[in-house]
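Beneath this line is the structure, given in structure tokens, with notes to follow.
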Amino acid sequence: MDEELHERVRDTVAAIPEGTVATYGDIAALAGASTPRLVGRVLGEDGHDLPWHRVLRADGTPAKHLREEQCARLLEEGVMSRNGRVDLTRYRWRPERG
DNA sequence: GGCATGACTACTT
DNA sequence: AAAGTAGCCATGC
């Protein structure tokens with residue numbers, strides 16, 4: 001497997017600032033992954049030490065089995081949610097644009 | 001190599 | 001809003 005890609009994804013997820021969120025697609029793009037599915041795979045394997053709760057789906061909804069955990073953890077960081085859906089237009093992570 | 005699975009996304013109906 | 005279809009690609013058998 002591509003360990004470089006594996007670490008890139010981890011670094012990117014770890015770089016998500018507190019109080020913000022990012023989509024799998026964003027992580028994939030920033031990490032250089034060709035598909036967001038690889039992001040989910042990395043988190044599933046070694047994301048246990050990462051702020052995975054800041055990673056959401058493109059709709060602002062978390063992964064099904066994490067729906068409760070995501071919402072609870074994000075609440076701790078001040079990220080409000082609506083019926084289990086986060087407002088990406090409000091909390092989406094914006095990398096330092098200079 | 002082929003088949004099935006998965007923390008996904010976009011398009012169409 | 002919800003369901004169906006296509007694209008994506010690494011992992012395990």
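Labels for the structure tokens follow display order: chains A, B, ..., residues from 1 in each chain, ligands from 1.
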Helix (DSSP H, G or I) call set, DSSP backbone run, chain A, as a ChimeraX atom specification: /A:3-14,24-31,36-49,52-54,64-77,88-91
Closest-contact table, chain A side, partner chain C, 10 Å, counting only C-alpha atoms (C1' of nucleotides), as JSON lines:
```
{"residue": "A:Met1", "atom": "CA", "partner": "C:DA10", "partner_atom": "C1'", "distance": 7.6}
{"residue": "A:Asp2", "atom": "CA", "partner": "C:DA10", "partner_atom": "C1'", "distance": 9.3}
{"residue": "A:Ala33", "atom": "CA", "partner": "C:DC9", "partner_atom": "C1'", "distance": 9.8}
{"residue": "A:Ser34", "atom": "CA", "partner": "C:DC8", "partner_atom": "C1'", "distance": 7.7}
{"residue": "A:Thr35", "atom": "CA", "partner": "C:DC8", "partner_atom": "C1'", "distance": 5.8}
{"residue": "A:Pro36", "atom": "CA", "partner": "C:DC8", "partner_atom": "C1'", "distance": 8.4}
{"residue": "A:Arg37", "atom": "CA", "partner": "C:DC9", "partner_atom": "C1'", "distance": 7.6}
{"residue": "A:Leu38", "atom": "CA", "partner": "C:DA10", "partner_atom": "C1'", "distance": 6.9}
{"residue": "A:Arg41", "atom": "CA", "partner": "C:DA10", "partner_atom": "C1'", "distance": 8.0}
{"residue": "A:Val42", "atom": "CA", "partner": "C:DA10", "partner_atom": "C1'", "distance": 9.8}
```
Would you give me, as a PyMOL selection string, the residues in chain A that DSSP reads as strand (DSSP E or B)? chain A and resi 21-23+55-56+81-82+85-86+92
Interface, chain B side, toward chain A (12 Å; only C-alpha atoms (C1' of nucleotides)) as a PyMOL selection string: chain B and resi 5-10
Go ahead and dump the residues you just picked, all heavy atoms, as a tab-separated table (two decimals), in the first residue's frame.
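Result file follows (again-v3.tsv):
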```
chain	number	residue	atom	x	y	z
B	5	DT	P	-20.81	-8.37	-0.56
B	5	DT	OP1	-21.48	-9.05	0.57
B	5	DT	OP2	-21.60	-7.70	-1.60
B	5	DT	O5'	-19.80	-7.29	0.07
B	5	DT	C5'	-18.92	-7.68	1.14
B	5	DT	C4'	-18.02	-6.51	1.58
B	5	DT	O4'	-17.10	-6.18	0.54
B	5	DT	C3'	-18.80	-5.22	1.92
B	5	DT	O3'	-18.60	-4.93	3.29
B	5	DT	C2'	-18.16	-4.16	1.03
B	5	DT	C1'	-16.84	-4.79	0.62
B	5	DT	N1	-16.34	-4.33	-0.69
B	5	DT	C2	-15.10	-3.68	-0.75
B	5	DT	O2	-14.40	-3.47	0.22
B	5	DT	N3	-14.70	-3.31	-2.01
B	5	DT	C4	-15.40	-3.49	-3.18
B	5	DT	O4	-14.91	-3.10	-4.24
B	5	DT	C5	-16.69	-4.15	-3.05
B	5	DT	C7	-17.51	-4.39	-4.25
B	5	DT	C6	-17.10	-4.54	-1.81
B	6	DG	P	-19.56	-3.78	3.97
B	6	DG	OP1	-19.72	-4.11	5.38
B	6	DG	OP2	-20.74	-3.51	3.15
B	6	DG	O5'	-18.61	-2.48	3.87
B	6	DG	C5'	-17.40	-2.44	4.62
B	6	DG	C4'	-16.63	-1.14	4.33
B	6	DG	O4'	-16.11	-1.19	3.00
B	6	DG	C3'	-17.51	0.12	4.43
B	6	DG	O3'	-16.87	1.13	5.22
B	6	DG	C2'	-17.62	0.62	3.01
B	6	DG	C1'	-16.37	0.04	2.35
B	6	DG	N9	-16.54	-0.19	0.92
B	6	DG	C8	-17.63	-0.71	0.28
B	6	DG	N7	-17.51	-0.77	-1.02
B	6	DG	C5	-16.24	-0.25	-1.25
B	6	DG	C6	-15.54	-0.06	-2.46
B	6	DG	O6	-15.90	-0.29	-3.61
B	6	DG	N1	-14.27	0.49	-2.25
B	6	DG	C2	-13.76	0.80	-1.03
B	6	DG	N2	-12.53	1.31	-1.02
B	6	DG	N3	-14.40	0.62	0.11
B	6	DG	C4	-15.63	0.10	-0.07
B	7	DA	P	-17.51	1.25	6.68
B	7	DA	OP1	-16.73	0.63	7.78
B	7	DA	OP2	-18.91	0.81	6.49
B	7	DA	O5'	-17.30	2.79	6.80
B	7	DA	C5'	-18.01	3.70	7.28
B	7	DA	C4'	-17.54	5.09	6.90
B	7	DA	O4'	-16.87	5.62	8.05
B	7	DA	C3'	-16.64	5.29	5.70
B	7	DA	O3'	-17.12	6.39	4.93
B	7	DA	C2'	-15.27	5.59	6.29
B	7	DA	C1'	-15.62	6.19	7.65
B	7	DA	N9	-14.66	5.87	8.70
B	7	DA	C8	-13.89	4.74	8.82
B	7	DA	N7	-13.14	4.73	9.89
B	7	DA	C5	-13.45	5.93	10.52
B	7	DA	C6	-13.01	6.53	11.70
B	7	DA	N6	-12.12	5.98	12.51
B	7	DA	N1	-13.50	7.72	12.03
B	7	DA	C2	-14.40	8.29	11.24
B	7	DA	N3	-14.91	7.82	10.10
B	7	DA	C4	-14.38	6.63	9.80
B	8	DC	P	-18.26	6.15	3.81
B	8	DC	OP1	-19.56	6.54	4.33
B	8	DC	OP2	-18.08	4.83	3.20
B	8	DC	O5'	-17.83	7.24	2.73
B	8	DC	C5'	-16.68	8.05	2.86
B	8	DC	C4'	-16.52	8.93	1.64
B	8	DC	O4'	-16.44	8.08	0.47
B	8	DC	C3'	-17.67	9.90	1.41
B	8	DC	O3'	-17.17	11.17	1.01
B	8	DC	C2'	-18.48	9.24	0.33
B	8	DC	C1'	-17.41	8.50	-0.48
B	8	DC	N1	-17.97	7.33	-1.19
B	8	DC	C2	-17.94	7.34	-2.59
B	8	DC	O2	-17.42	8.28	-3.18
B	8	DC	N3	-18.51	6.33	-3.25
B	8	DC	C4	-19.08	5.33	-2.59
B	8	DC	N4	-19.63	4.36	-3.29
B	8	DC	C5	-19.10	5.30	-1.16
B	8	DC	C6	-18.55	6.31	-0.50
B	9	DT	P	-18.19	12.36	0.73
B	9	DT	OP1	-17.50	13.64	1.00
B	9	DT	OP2	-19.49	12.10	1.36
B	9	DT	O5'	-18.33	12.25	-0.84
B	9	DT	C5'	-17.18	12.45	-1.67
B	9	DT	C4'	-17.58	12.72	-3.10
B	9	DT	O4'	-18.04	11.50	-3.70
B	9	DT	C3'	-18.70	13.77	-3.24
B	9	DT	O3'	-18.30	14.72	-4.23
B	9	DT	C2'	-19.90	12.96	-3.64
B	9	DT	C1'	-19.29	11.75	-4.34
B	9	DT	N1	-20.09	10.52	-4.24
B	9	DT	C2	-20.35	9.83	-5.43
B	9	DT	O2	-19.96	10.19	-6.52
B	9	DT	N3	-21.08	8.68	-5.29
B	9	DT	C4	-21.58	8.16	-4.12
B	9	DT	O4	-22.22	7.11	-4.13
B	9	DT	C5	-21.29	8.94	-2.92
B	9	DT	C7	-21.79	8.46	-1.61
B	9	DT	C6	-20.55	10.07	-3.05
B	10	DA	P	-19.28	15.97	-4.55
B	10	DA	OP1	-18.41	17.13	-4.83
B	10	DA	OP2	-20.32	16.07	-3.50
B	10	DA	O5'	-19.98	15.55	-5.92
B	10	DA	C5'	-19.19	15.25	-7.05
B	10	DA	C4'	-20.05	14.72	-8.20
B	10	DA	O4'	-20.56	13.43	-7.89
B	10	DA	C3'	-21.25	15.63	-8.50
B	10	DA	O3'	-21.26	15.95	-9.89
B	10	DA	C2'	-22.45	14.78	-8.11
B	10	DA	C1'	-21.93	13.36	-8.25
B	10	DA	N9	-22.61	12.41	-7.36
B	10	DA	C8	-22.85	12.54	-6.02
B	10	DA	N7	-23.48	11.52	-5.49
B	10	DA	C5	-23.65	10.65	-6.56
B	10	DA	C6	-24.24	9.38	-6.68
B	10	DA	N6	-24.79	8.74	-5.65
B	10	DA	N1	-24.26	8.81	-7.89
B	10	DA	C2	-23.71	9.45	-8.92
B	10	DA	N3	-23.13	10.63	-8.94
B	10	DA	C4	-23.12	11.20	-7.72
```
Residues near range 6-16 of chain A, anyone? I mean within 6 Å using only C-alpha atoms (C1' of nucleotides), not counting same-chain ones fewer than 3 positions away, as JSON, numbers by chain. {"A": [3, 31, 50]}
Give me, as a list in words, all polymer residues having an atom no more than 8 Å from Leu88 in chain A, counting only C-alpha atoms (C1' of nucleotides) and skipping those fewer than 6 positions away in the same chain. Val21, Ala22, Asp59 and Gly60 of chain A
Would you put the residues from that selection into a file with all heavy atoms, as an mmCIF file, in the first residue's frame?
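Everything below was put into again_24.cif:
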```cif
data_model
loop_
_atom_site.group_PDB
_atom_site.id
_atom_site.type_symbol
_atom_site.label_atom_id
_atom_site.label_comp_id
_atom_site.auth_asym_id
_atom_site.auth_seq_id
_atom_site.Cartn_x
_atom_site.Cartn_y
_atom_site.Cartn_z
ATOM 1 N N VAL A 21 -14.671 21.732 10.349
ATOM 2 C CA VAL A 21 -14.827 20.382 9.819
ATOM 3 C C VAL A 21 -14.377 20.347 8.361
ATOM 4 O O VAL A 21 -14.165 21.379 7.742
ATOM 5 C CB VAL A 21 -16.286 19.918 9.921
ATOM 6 C CG1 VAL A 21 -16.756 19.924 11.364
ATOM 7 C CG2 VAL A 21 -17.178 20.812 9.068
ATOM 8 N N ALA A 22 -14.225 19.159 7.840
ATOM 9 C CA ALA A 22 -13.839 19.010 6.430
ATOM 10 C C ALA A 22 -14.524 17.777 5.865
ATOM 11 O O ALA A 22 -14.911 16.877 6.613
ATOM 12 C CB ALA A 22 -12.324 18.888 6.330
ATOM 13 N N ASP A 59 -22.433 15.971 2.418
ATOM 14 C CA ASP A 59 -23.713 16.573 2.777
ATOM 15 C C ASP A 59 -23.653 17.226 4.143
ATOM 16 O O ASP A 59 -24.604 17.833 4.587
ATOM 17 C CB ASP A 59 -24.807 15.496 2.816
ATOM 18 C CG ASP A 59 -24.915 14.803 1.474
ATOM 19 O OD1 ASP A 59 -23.879 14.509 0.886
ATOM 20 O OD2 ASP A 59 -26.029 14.544 1.032
ATOM 21 N N GLY A 60 -22.532 17.065 4.831
ATOM 22 C CA GLY A 60 -22.438 17.600 6.176
ATOM 23 C C GLY A 60 -22.905 16.569 7.187
ATOM 24 O O GLY A 60 -22.887 16.808 8.384
#
```
